[in-house]
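Pasting start38.cif here (mmCIF, N, CA and C atoms):
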data_my_file
loop_
_atom_site.label_atom_id
_atom_site.label_comp_id
_atom_site.auth_asym_id
_atom_site.auth_seq_id
_atom_site.Cartn_x
_atom_site.Cartn_y
_atom_site.Cartn_z
N MET T 1 22.59 -41.65 53.08
CA MET T 1 22.64 -40.29 52.54
C MET T 1 23.57 -40.27 51.32
N ASN T 2 23.21 -39.48 50.35
CA ASN T 2 24.03 -39.27 49.16
C ASN T 2 25.42 -38.80 49.59
N SER T 3 26.46 -39.38 49.01
CA SER T 3 27.83 -39.03 49.41
C SER T 3 28.19 -37.58 49.08
N PHE T 4 27.45 -36.95 48.21
CA PHE T 4 27.73 -35.57 47.83
C PHE T 4 26.85 -34.56 48.58
N GLN T 5 25.91 -35.04 49.38
CA GLN T 5 24.94 -34.16 50.01
C GLN T 5 25.59 -33.12 50.92
N GLU T 6 26.58 -33.52 51.72
CA GLU T 6 27.22 -32.58 52.63
C GLU T 6 27.91 -31.46 51.86
N ILE T 7 28.61 -31.81 50.80
CA ILE T 7 29.29 -30.81 49.96
C ILE T 7 28.25 -29.88 49.34
N PHE T 8 27.18 -30.47 48.80
CA PHE T 8 26.12 -29.69 48.17
C PHE T 8 25.50 -28.72 49.19
N ASP T 9 25.22 -29.20 50.39
CA ASP T 9 24.60 -28.36 51.42
C ASP T 9 25.51 -27.19 51.80
N LYS T 10 26.81 -27.43 51.91
CA LYS T 10 27.75 -26.36 52.22
C LYS T 10 27.81 -25.33 51.10
N GLN T 11 27.84 -25.81 49.85
CA GLN T 11 27.86 -24.89 48.71
C GLN T 11 26.57 -24.09 48.64
N LYS T 12 25.45 -24.73 48.91
CA LYS T 12 24.17 -24.03 48.87
C LYS T 12 24.11 -22.95 49.95
N ALA T 13 24.59 -23.26 51.14
CA ALA T 13 24.61 -22.27 52.23
C ALA T 13 25.51 -21.09 51.84
N TYR T 14 26.63 -21.37 51.23
CA TYR T 14 27.53 -20.29 50.78
C TYR T 14 26.84 -19.45 49.71
N PHE T 15 26.21 -20.09 48.75
CA PHE T 15 25.49 -19.37 47.70
C PHE T 15 24.38 -18.50 48.31
N ASP T 16 23.64 -19.07 49.25
CA ASP T 16 22.53 -18.34 49.88
C ASP T 16 23.00 -17.13 50.69
N SER T 17 24.29 -17.07 51.02
CA SER T 17 24.83 -15.92 51.75
C SER T 17 25.01 -14.70 50.85
N ASP T 18 24.81 -14.86 49.55
CA ASP T 18 24.99 -13.81 48.52
C ASP T 18 26.45 -13.43 48.28
N ALA T 19 27.37 -14.19 48.83
CA ALA T 19 28.80 -13.91 48.63
C ALA T 19 29.21 -14.02 47.16
N THR T 20 28.47 -14.81 46.40
CA THR T 20 28.85 -15.07 45.00
C THR T 20 28.29 -14.06 44.01
N LYS T 21 27.56 -13.07 44.48
CA LYS T 21 26.89 -12.15 43.57
C LYS T 21 27.74 -10.98 43.11
N SER T 22 28.79 -10.66 43.82
CA SER T 22 29.54 -9.45 43.46
C SER T 22 30.38 -9.66 42.19
N TYR T 23 30.58 -8.57 41.51
CA TYR T 23 31.42 -8.58 40.31
C TYR T 23 32.83 -9.05 40.66
N GLU T 24 33.36 -8.55 41.76
CA GLU T 24 34.74 -8.88 42.15
C GLU T 24 34.89 -10.38 42.44
N TRP T 25 33.92 -10.97 43.11
CA TRP T 25 33.97 -12.40 43.41
C TRP T 25 33.97 -13.21 42.11
N ARG T 26 33.12 -12.82 41.20
CA ARG T 26 33.01 -13.57 39.94
C ARG T 26 34.28 -13.45 39.10
N ILE T 27 34.86 -12.25 39.07
CA ILE T 27 36.12 -12.07 38.33
C ILE T 27 37.22 -12.93 38.96
N ASP T 28 37.26 -12.96 40.29
CA ASP T 28 38.24 -13.79 40.98
C ASP T 28 38.07 -15.26 40.62
N GLN T 29 36.85 -15.74 40.56
CA GLN T 29 36.60 -17.14 40.21
C GLN T 29 37.03 -17.45 38.77
N LEU T 30 36.78 -16.52 37.86
CA LEU T 30 37.21 -16.72 36.48
C LEU T 30 38.73 -16.75 36.38
N THR T 31 39.39 -15.90 37.13
CA THR T 31 40.86 -15.88 37.15
C THR T 31 41.39 -17.18 37.74
N ARG T 32 40.76 -17.66 38.80
CA ARG T 32 41.18 -18.94 39.40
C ARG T 32 41.01 -20.10 38.42
N LEU T 33 39.93 -20.08 37.63
CA LEU T 33 39.73 -21.11 36.62
C LEU T 33 40.88 -21.11 35.61
N GLU T 34 41.24 -19.93 35.14
CA GLU T 34 42.34 -19.83 34.19
C GLU T 34 43.64 -20.35 34.81
N ASN T 35 43.92 -19.93 36.03
CA ASN T 35 45.15 -20.37 36.70
C ASN T 35 45.16 -21.88 36.89
N LEU T 36 44.03 -22.45 37.28
CA LEU T 36 43.93 -23.90 37.47
C LEU T 36 44.25 -24.62 36.17
N CYS T 37 43.68 -24.17 35.07
CA CYS T 37 43.93 -24.81 33.77
C CYS T 37 45.39 -24.67 33.35
N ASN T 38 45.93 -23.47 33.50
CA ASN T 38 47.31 -23.24 33.08
C ASN T 38 48.31 -23.99 33.95
N GLU T 39 48.11 -23.98 35.26
CA GLU T 39 49.06 -24.59 36.18
C GLU T 39 48.98 -26.12 36.19
N ASN T 40 47.87 -26.67 35.76
CA ASN T 40 47.68 -28.12 35.82
C ASN T 40 47.44 -28.75 34.46
N SER T 41 47.85 -28.07 33.40
CA SER T 41 47.55 -28.56 32.06
C SER T 41 48.14 -29.95 31.81
N GLU T 42 49.35 -30.20 32.26
CA GLU T 42 49.97 -31.52 32.03
C GLU T 42 49.20 -32.61 32.77
N ALA T 43 48.84 -32.37 34.01
CA ALA T 43 48.09 -33.37 34.78
C ALA T 43 46.70 -33.59 34.17
N LEU T 44 46.07 -32.51 33.73
CA LEU T 44 44.75 -32.64 33.09
C LEU T 44 44.85 -33.42 31.79
N GLU T 45 45.89 -33.15 30.99
CA GLU T 45 46.09 -33.91 29.75
C GLU T 45 46.33 -35.38 30.04
N ALA T 46 47.12 -35.68 31.05
CA ALA T 46 47.39 -37.07 31.41
C ALA T 46 46.11 -37.78 31.85
N ALA T 47 45.28 -37.09 32.63
CA ALA T 47 44.01 -37.67 33.08
C ALA T 47 43.09 -37.95 31.90
N MET T 48 43.02 -37.01 30.95
CA MET T 48 42.18 -37.24 29.78
C MET T 48 42.69 -38.40 28.94
N SER T 49 44.01 -38.50 28.81
CA SER T 49 44.59 -39.62 28.06
C SER T 49 44.23 -40.95 28.71
N SER T 50 44.32 -40.97 30.02
CA SER T 50 44.01 -42.20 30.76
C SER T 50 42.53 -42.56 30.68
N ASP T 51 41.68 -41.57 30.84
CA ASP T 51 40.24 -41.83 30.89
C ASP T 51 39.60 -42.01 29.52
N PHE T 52 40.02 -41.23 28.55
CA PHE T 52 39.29 -41.18 27.28
C PHE T 52 40.10 -41.55 26.05
N LYS T 53 41.40 -41.72 26.17
CA LYS T 53 42.26 -42.07 25.02
C LYS T 53 42.07 -41.09 23.87
N THR T 54 42.06 -39.79 24.20
CA THR T 54 41.82 -38.77 23.18
C THR T 54 43.11 -38.36 22.47
N ALA T 55 42.95 -37.80 21.30
CA ALA T 55 44.09 -37.30 20.53
C ALA T 55 44.69 -36.09 21.24
N SER T 56 45.96 -35.85 21.02
CA SER T 56 46.65 -34.76 21.73
C SER T 56 46.03 -33.40 21.44
N GLN T 57 45.58 -33.19 20.20
CA GLN T 57 44.97 -31.90 19.87
C GLN T 57 43.67 -31.70 20.64
N GLU T 58 42.93 -32.77 20.84
CA GLU T 58 41.67 -32.65 21.58
C GLU T 58 41.93 -32.34 23.04
N LYS T 59 42.98 -32.91 23.61
CA LYS T 59 43.32 -32.64 25.00
C LYS T 59 43.65 -31.16 25.20
N VAL T 60 44.42 -30.61 24.28
CA VAL T 60 44.78 -29.20 24.38
C VAL T 60 43.52 -28.34 24.30
N PHE T 61 42.63 -28.69 23.38
CA PHE T 61 41.38 -27.93 23.24
C PHE T 61 40.55 -28.01 24.52
N GLU T 62 40.43 -29.20 25.09
CA GLU T 62 39.60 -29.38 26.29
C GLU T 62 40.11 -28.57 27.47
N ILE T 63 41.39 -28.29 27.50
CA ILE T 63 41.97 -27.50 28.59
C ILE T 63 41.92 -26.01 28.27
N MET T 64 42.20 -25.66 27.03
CA MET T 64 42.29 -24.24 26.69
C MET T 64 40.92 -23.63 26.37
N ALA T 65 39.93 -24.42 26.02
CA ALA T 65 38.59 -23.87 25.76
C ALA T 65 38.03 -23.14 26.98
N PRO T 66 38.13 -23.71 28.18
CA PRO T 66 37.65 -22.94 29.35
C PRO T 66 38.42 -21.64 29.56
N VAL T 67 39.70 -21.63 29.20
CA VAL T 67 40.48 -20.40 29.34
C VAL T 67 39.94 -19.33 28.38
N GLY T 68 39.66 -19.73 27.14
CA GLY T 68 39.09 -18.80 26.17
C GLY T 68 37.70 -18.33 26.58
N THR T 69 36.91 -19.25 27.11
CA THR T 69 35.58 -18.90 27.59
C THR T 69 35.67 -17.91 28.74
N ARG T 70 36.67 -18.09 29.59
CA ARG T 70 36.89 -17.18 30.71
C ARG T 70 37.19 -15.78 30.22
N LEU T 71 38.00 -15.67 29.17
CA LEU T 71 38.31 -14.35 28.61
C LEU T 71 37.04 -13.65 28.13
N PHE T 72 36.20 -14.39 27.43
CA PHE T 72 34.94 -13.84 26.93
C PHE T 72 34.03 -13.44 28.10
N ALA T 73 33.90 -14.33 29.07
CA ALA T 73 33.03 -14.05 30.22
C ALA T 73 33.52 -12.83 30.99
N LYS T 74 34.83 -12.71 31.15
CA LYS T 74 35.39 -11.57 31.88
C LYS T 74 35.08 -10.26 31.15
N ALA T 75 35.15 -10.29 29.82
CA ALA T 75 34.88 -9.10 29.03
C ALA T 75 33.40 -8.71 29.06
N GLU T 76 32.52 -9.69 29.19
CA GLU T 76 31.07 -9.43 29.11
C GLU T 76 30.39 -9.34 30.47
N LEU T 77 31.07 -9.68 31.54
CA LEU T 77 30.43 -9.84 32.84
C LEU T 77 29.67 -8.60 33.31
N LYS T 78 30.27 -7.44 33.20
CA LYS T 78 29.57 -6.22 33.65
C LYS T 78 28.26 -6.03 32.90
N GLU T 79 28.29 -6.27 31.60
CA GLU T 79 27.08 -6.13 30.78
C GLU T 79 26.04 -7.17 31.19
N TRP T 80 26.47 -8.40 31.41
CA TRP T 80 25.54 -9.46 31.82
C TRP T 80 24.90 -9.17 33.17
N MET T 81 25.61 -8.45 34.03
CA MET T 81 25.10 -8.19 35.38
C MET T 81 24.15 -6.98 35.43
N LYS T 82 24.08 -6.20 34.37
CA LYS T 82 23.21 -5.02 34.37
C LYS T 82 21.74 -5.44 34.32
N PRO T 83 20.88 -4.70 35.01
CA PRO T 83 19.44 -4.97 34.89
C PRO T 83 18.98 -4.72 33.45
N VAL T 84 17.97 -5.46 33.03
CA VAL T 84 17.43 -5.34 31.68
C VAL T 84 16.07 -4.66 31.75
N ASP T 85 15.89 -3.60 30.98
CA ASP T 85 14.60 -2.92 30.92
C ASP T 85 13.64 -3.73 30.06
N VAL T 86 12.42 -3.94 30.57
CA VAL T 86 11.40 -4.67 29.82
C VAL T 86 10.08 -3.93 29.89
N VAL T 87 9.25 -4.16 28.89
CA VAL T 87 7.91 -3.58 28.86
C VAL T 87 6.94 -4.67 29.26
N VAL T 88 6.03 -4.32 30.19
CA VAL T 88 5.04 -5.27 30.66
C VAL T 88 3.67 -4.75 30.27
N GLN T 89 2.90 -5.59 29.61
CA GLN T 89 1.53 -5.21 29.20
C GLN T 89 0.57 -5.75 30.24
N GLY T 90 -0.18 -4.88 30.88
CA GLY T 90 -1.15 -5.30 31.88
C GLY T 90 -2.53 -5.48 31.29
N HIS T 91 -3.50 -5.80 32.13
CA HIS T 91 -4.88 -5.99 31.69
C HIS T 91 -5.51 -4.70 31.17
N SER T 92 -5.04 -3.57 31.65
CA SER T 92 -5.63 -2.29 31.24
C SER T 92 -5.05 -1.79 29.91
N ARG T 93 -4.24 -2.59 29.30
CA ARG T 93 -3.60 -2.25 28.02
C ARG T 93 -2.58 -1.12 28.15
N LYS T 94 -2.33 -0.69 29.35
CA LYS T 94 -1.27 0.29 29.56
C LYS T 94 0.05 -0.44 29.66
N ARG T 95 1.05 0.19 29.13
CA ARG T 95 2.38 -0.39 29.22
C ARG T 95 3.04 0.06 30.52
N ALA T 96 3.68 -0.86 31.15
CA ALA T 96 4.46 -0.54 32.34
C ALA T 96 5.90 -0.96 32.06
N TYR T 97 6.80 -0.23 32.62
CA TYR T 97 8.22 -0.54 32.43
C TYR T 97 8.79 -1.04 33.75
N CYS T 98 9.59 -2.04 33.65
CA CYS T 98 10.24 -2.56 34.84
C CYS T 98 11.63 -3.07 34.46
N GLN T 99 12.35 -3.49 35.45
CA GLN T 99 13.69 -4.02 35.22
C GLN T 99 13.76 -5.46 35.72
N VAL T 100 14.46 -6.27 34.96
CA VAL T 100 14.73 -7.65 35.35
C VAL T 100 16.18 -7.71 35.80
N TYR T 101 16.38 -8.18 37.01
CA TYR T 101 17.73 -8.36 37.54
C TYR T 101 18.12 -9.81 37.33
N ARG T 102 19.17 -10.02 36.55
CA ARG T 102 19.62 -11.38 36.27
C ARG T 102 20.41 -11.89 37.48
N GLU T 103 19.96 -12.98 38.01
CA GLU T 103 20.58 -13.55 39.20
C GLU T 103 21.05 -14.97 38.89
N PRO T 104 22.12 -15.40 39.54
CA PRO T 104 22.54 -16.81 39.38
C PRO T 104 21.44 -17.73 39.89
N TYR T 105 21.35 -18.91 39.32
CA TYR T 105 20.31 -19.87 39.69
C TYR T 105 20.59 -20.58 41.01
N GLY T 106 21.85 -20.87 41.28
CA GLY T 106 22.15 -21.59 42.51
C GLY T 106 23.27 -22.59 42.32
N VAL T 107 23.18 -23.67 43.05
CA VAL T 107 24.22 -24.69 43.09
C VAL T 107 23.81 -25.87 42.22
N THR T 108 24.78 -26.42 41.50
CA THR T 108 24.54 -27.63 40.72
C THR T 108 25.65 -28.63 41.00
N LEU T 109 25.38 -29.87 40.75
CA LEU T 109 26.38 -30.92 40.90
C LEU T 109 26.66 -31.48 39.51
N VAL T 110 27.88 -31.31 39.04
CA VAL T 110 28.29 -31.85 37.75
C VAL T 110 29.09 -33.11 38.04
N ILE T 111 28.59 -34.23 37.56
CA ILE T 111 29.21 -35.51 37.90
C ILE T 111 30.25 -35.94 36.87
N GLY T 112 30.03 -35.64 35.60
CA GLY T 112 30.98 -36.12 34.60
C GLY T 112 30.91 -35.29 33.34
N PRO T 113 31.81 -35.55 32.41
CA PRO T 113 31.83 -34.80 31.16
C PRO T 113 30.60 -35.11 30.32
N PHE T 114 30.14 -34.10 29.59
CA PHE T 114 28.95 -34.29 28.77
C PHE T 114 29.22 -35.14 27.54
N ASN T 115 30.48 -35.24 27.13
CA ASN T 115 30.78 -35.94 25.88
C ASN T 115 31.68 -37.15 26.08
N GLY T 116 31.75 -37.67 27.30
CA GLY T 116 32.62 -38.83 27.54
C GLY T 116 32.15 -40.05 26.78
N HIS T 117 33.09 -40.79 26.19
CA HIS T 117 32.70 -42.01 25.48
C HIS T 117 33.33 -43.20 26.14
#
Written as structure tokens, that's how I'd like the structure from this file.
Amino acid sequence: MNSFQEIFDKQKAYFDSDATKSYEWRIDQLTRLENLCNENSEALEAAMSSDFKTASQEKVFEIMAPVGTRLFAKAELKEWMKPVDVVVQGHSRKRAYCQVYREPYGVTLVIGPFNGH
């Protein structure tokens, strides 16, 4: 069995419980991300130095970029969660209006950095 399967299955079951859909849960996760980056910046920089031999400016960016992204996401989250009105054209050429509810896709497994060299 894949060594990550048990973790993936637990995360999928949690996601399927709909616990992750609320605005409050998502805001909490974004806040936790910021805290993790801020509280562990030195350890994260040391790990990047060890793994990738990156310049000090790049290390700072790699840690602070998620914090900046979190600020943007927190500001936009309510808007992103709103249903979107769309027009649907049927066979009868009549227009129908409906709403699209944007939902999270599910669980993913991220194994490594996208730009590691």
### Task
Convert the output of the PyMOL selection byres (((chain T and resi 56-64 and name CA) around 9) and name CA) on the shown file into explicit residues, formatted as a list of chain:residue names.
T:Glu34, T:Cys37, T:Asn38, T:Ser41, T:Leu44, T:Glu45, T:Ala46, T:Met48, T:Ser49, T:Thr54, T:Ala55, T:Ala65, T:Pro66, T:Val67, T:Gly68, T:Thr69
Expected file contents, prior selection, N, CA and C atoms, as a PDB file, in the frame of the given file:
ATOM      1  N   GLU T  34      41.240 -19.930  35.140  1.00  0.00           N
ATOM      2  CA  GLU T  34      42.340 -19.830  34.190  1.00  0.00           C
ATOM      3  C   GLU T  34      43.640 -20.350  34.810  1.00  0.00           C
ATOM      4  N   CYS T  37      43.680 -24.170  35.070  1.00  0.00           N
ATOM      5  CA  CYS T  37      43.930 -24.810  33.770  1.00  0.00           C
ATOM      6  C   CYS T  37      45.390 -24.670  33.350  1.00  0.00           C
ATOM      7  N   ASN T  38      45.930 -23.470  33.500  1.00  0.00           N
ATOM      8  CA  ASN T  38      47.310 -23.240  33.080  1.00  0.00           C
ATOM      9  C   ASN T  38      48.310 -23.990  33.950  1.00  0.00           C
ATOM     10  N   SER T  41      47.850 -28.070  33.400  1.00  0.00           N
ATOM     11  CA  SER T  41      47.550 -28.560  32.060  1.00  0.00           C
ATOM     12  C   SER T  41      48.140 -29.950  31.810  1.00  0.00           C
ATOM     13  N   LEU T  44      46.070 -32.510  33.730  1.00  0.00           N
ATOM     14  CA  LEU T  44      44.750 -32.640  33.090  1.00  0.00           C
ATOM     15  C   LEU T  44      44.850 -33.420  31.790  1.00  0.00           C
ATOM     16  N   GLU T  45      45.890 -33.150  30.990  1.00  0.00           N
ATOM     17  CA  GLU T  45      46.090 -33.910  29.750  1.00  0.00           C
ATOM     18  C   GLU T  45      46.330 -35.380  30.040  1.00  0.00           C
ATOM     19  N   ALA T  46      47.120 -35.680  31.050  1.00  0.00           N
ATOM     20  CA  ALA T  46      47.390 -37.070  31.410  1.00  0.00           C
ATOM     21  C   ALA T  46      46.110 -37.780  31.850  1.00  0.00           C
ATOM     22  N   MET T  48      43.020 -37.010  30.950  1.00  0.00           N
ATOM     23  CA  MET T  48      42.180 -37.240  29.780  1.00  0.00           C
ATOM     24  C   MET T  48      42.690 -38.400  28.940  1.00  0.00           C
ATOM     25  N   SER T  49      44.010 -38.500  28.810  1.00  0.00           N
ATOM     26  CA  SER T  49      44.590 -39.620  28.060  1.00  0.00           C
ATOM     27  C   SER T  49      44.230 -40.950  28.710  1.00  0.00           C
ATOM     28  N   THR T  54      42.060 -39.790  24.200  1.00  0.00           N
ATOM     29  CA  THR T  54      41.820 -38.770  23.180  1.00  0.00           C
ATOM     30  C   THR T  54      43.110 -38.360  22.470  1.00  0.00           C
ATOM     31  N   ALA T  55      42.950 -37.800  21.300  1.00  0.00           N
ATOM     32  CA  ALA T  55      44.090 -37.300  20.530  1.00  0.00           C
ATOM     33  C   ALA T  55      44.690 -36.090  21.240  1.00  0.00           C
ATOM     34  N   ALA T  65      39.930 -24.420  26.020  1.00  0.00           N
ATOM     35  CA  ALA T  65      38.590 -23.870  25.760  1.00  0.00           C
ATOM     36  C   ALA T  65      38.030 -23.140  26.980  1.00  0.00           C
ATOM     37  N   PRO T  66      38.130 -23.710  28.180  1.00  0.00           N
ATOM     38  CA  PRO T  66      37.650 -22.940  29.350  1.00  0.00           C
ATOM     39  C   PRO T  66      38.420 -21.640  29.560  1.00  0.00           C
ATOM     40  N   VAL T  67      39.700 -21.630  29.200  1.00  0.00           N
ATOM     41  CA  VAL T  67      40.480 -20.400  29.340  1.00  0.00           C
ATOM     42  C   VAL T  67      39.940 -19.330  28.380  1.00  0.00           C
ATOM     43  N   GLY T  68      39.660 -19.730  27.140  1.00  0.00           N
ATOM     44  CA  GLY T  68      39.090 -18.800  26.170  1.00  0.00           C
ATOM     45  C   GLY T  68      37.700 -18.330  26.580  1.00  0.00           C
ATOM     46  N   THR T  69      36.910 -19.250  27.110  1.00  0.00           N
ATOM     47  CA  THR T  69      35.580 -18.900  27.590  1.00  0.00           C
ATOM     48  C   THR T  69      35.670 -17.910  28.740  1.00  0.00           C
TER      49      THR T  69
END
### Message
Could you tell me how far atom N of Ile27 of chain T sits from atom CA of Leu77 of chain T, in Å to one decimal place?
### Response
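Distance reported for this atom pair: 8.0 Å.
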For this structure, which residues satisfy the selection - the PyMOL selection byres ((chain T and resi 84) around 5) - when it is evaluated on the file as given? I want them as a JSON list (two decimals) with N, CA and C atoms, in the frame of the given file.
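expr05.json, freshly written:
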[["chain", "number", "residue", "atom", "x", "y", "z"],
["T", 82, "LYS", "N", 24.08, -6.20, 34.37],
["T", 82, "LYS", "CA", 23.21, -5.02, 34.37],
["T", 82, "LYS", "C", 21.74, -5.44, 34.32],
["T", 83, "PRO", "N", 20.88, -4.70, 35.01],
["T", 83, "PRO", "CA", 19.44, -4.97, 34.89],
["T", 83, "PRO", "C", 18.98, -4.72, 33.45],
["T", 85, "ASP", "N", 15.89, -3.60, 30.98],
["T", 85, "ASP", "CA", 14.60, -2.92, 30.92],
["T", 85, "ASP", "C", 13.64, -3.73, 30.06],
["T", 86, "VAL", "N", 12.42, -3.94, 30.57],
["T", 86, "VAL", "CA", 11.40, -4.67, 29.82],
["T", 86, "VAL", "C", 10.08, -3.93, 29.89],
["T", 99, "GLN", "N", 12.35, -3.49, 35.45],
["T", 99, "GLN", "CA", 13.69, -4.02, 35.22],
["T", 99, "GLN", "C", 13.76, -5.46, 35.72],
["T", 100, "VAL", "N", 14.46, -6.27, 34.96],
["T", 100, "VAL", "CA", 14.73, -7.65, 35.35],
["T", 100, "VAL", "C", 16.18, -7.71, 35.80]]
### Message
Taking only chain T into account, list the residues labelled strand (DSSP E) by DSSP (computed from the backbone), as a ChimeraX atom specification.
### Response
/T:84-89,95-100
Could those residues be written to a file, using N, CA and C atoms, as a compact mmCIF listing (two decimals), keeping the file's coordinate frame?
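And here is the file that came out, result.txt:
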# COMPACT_ATOMS: atom_id res chain seq x y z
N VAL T 84 17.97 -5.46 33.03
CA VAL T 84 17.43 -5.34 31.68
C VAL T 84 16.07 -4.66 31.75
N ASP T 85 15.89 -3.60 30.98
CA ASP T 85 14.60 -2.92 30.92
C ASP T 85 13.64 -3.73 30.06
N VAL T 86 12.42 -3.94 30.57
CA VAL T 86 11.40 -4.67 29.82
C VAL T 86 10.08 -3.93 29.89
N VAL T 87 9.25 -4.16 28.89
CA VAL T 87 7.91 -3.58 28.86
C VAL T 87 6.94 -4.67 29.26
N VAL T 88 6.03 -4.32 30.19
CA VAL T 88 5.04 -5.27 30.66
C VAL T 88 3.67 -4.75 30.27
N GLN T 89 2.90 -5.59 29.61
CA GLN T 89 1.53 -5.21 29.20
C GLN T 89 0.57 -5.75 30.24
N ARG T 95 1.05 0.19 29.13
CA ARG T 95 2.38 -0.39 29.22
C ARG T 95 3.04 0.06 30.52
N ALA T 96 3.68 -0.86 31.15
CA ALA T 96 4.46 -0.54 32.34
C ALA T 96 5.90 -0.96 32.06
N TYR T 97 6.80 -0.23 32.62
CA TYR T 97 8.22 -0.54 32.43
C TYR T 97 8.79 -1.04 33.75
N CYS T 98 9.59 -2.04 33.65
CA CYS T 98 10.24 -2.56 34.84
C CYS T 98 11.63 -3.07 34.46
N GLN T 99 12.35 -3.49 35.45
CA GLN T 99 13.69 -4.02 35.22
C GLN T 99 13.76 -5.46 35.72
N VAL T 100 14.46 -6.27 34.96
CA VAL T 100 14.73 -7.65 35.35
C VAL T 100 16.18 -7.71 35.80
### Residues within 8 Å of Thr20 of chain T, all atoms listed in the file, excluding chain neighbours under 6 positions, as JSON, numbers by chain
{"T": [14, 26, 104]}
### Message
DSSP on the backbone: which residues in chain T end up as alpha helix (DSSP H)? Give the answer as a ChimeraX atom specification.
### Response
/T:5-16,23-39,41-52,56-81
### Nearest residue to Arg102 of chain T from the set T:Lys78, T:Arg70, T:Lys53, T:Arg32 (distances using only C-alpha atoms)
T:Lys78
### Task
Calculate how many Å separate atom N of Thr31 of chain T from atom N of Asp9 of chain T, rounding to one decimal.
23.5 Å
### Task
Please measure the separation of atom N of Gln11 of chain T and atom N of Val110 of chain T, giving the value in Å to one decimal.
12.1 Å
#### Entry: Residue members of the PyMOL selection byres ((chain T and resi 97) around 6) in the file shown, as a PyMOL selection string
chain T and resi 86-88+95-96+98-99
Given 6 Å of margin on each side, can you work out the centre and size in Å (one decimal) of an axis-aligned box holding every listed atom of segment 74-88 of chain T, as AutoDock Vina command-line options?
--center_x 19.5 --center_y -7.8 --center_z 32.1 --size_x 43.7 --size_y 21.8 --size_z 18.6
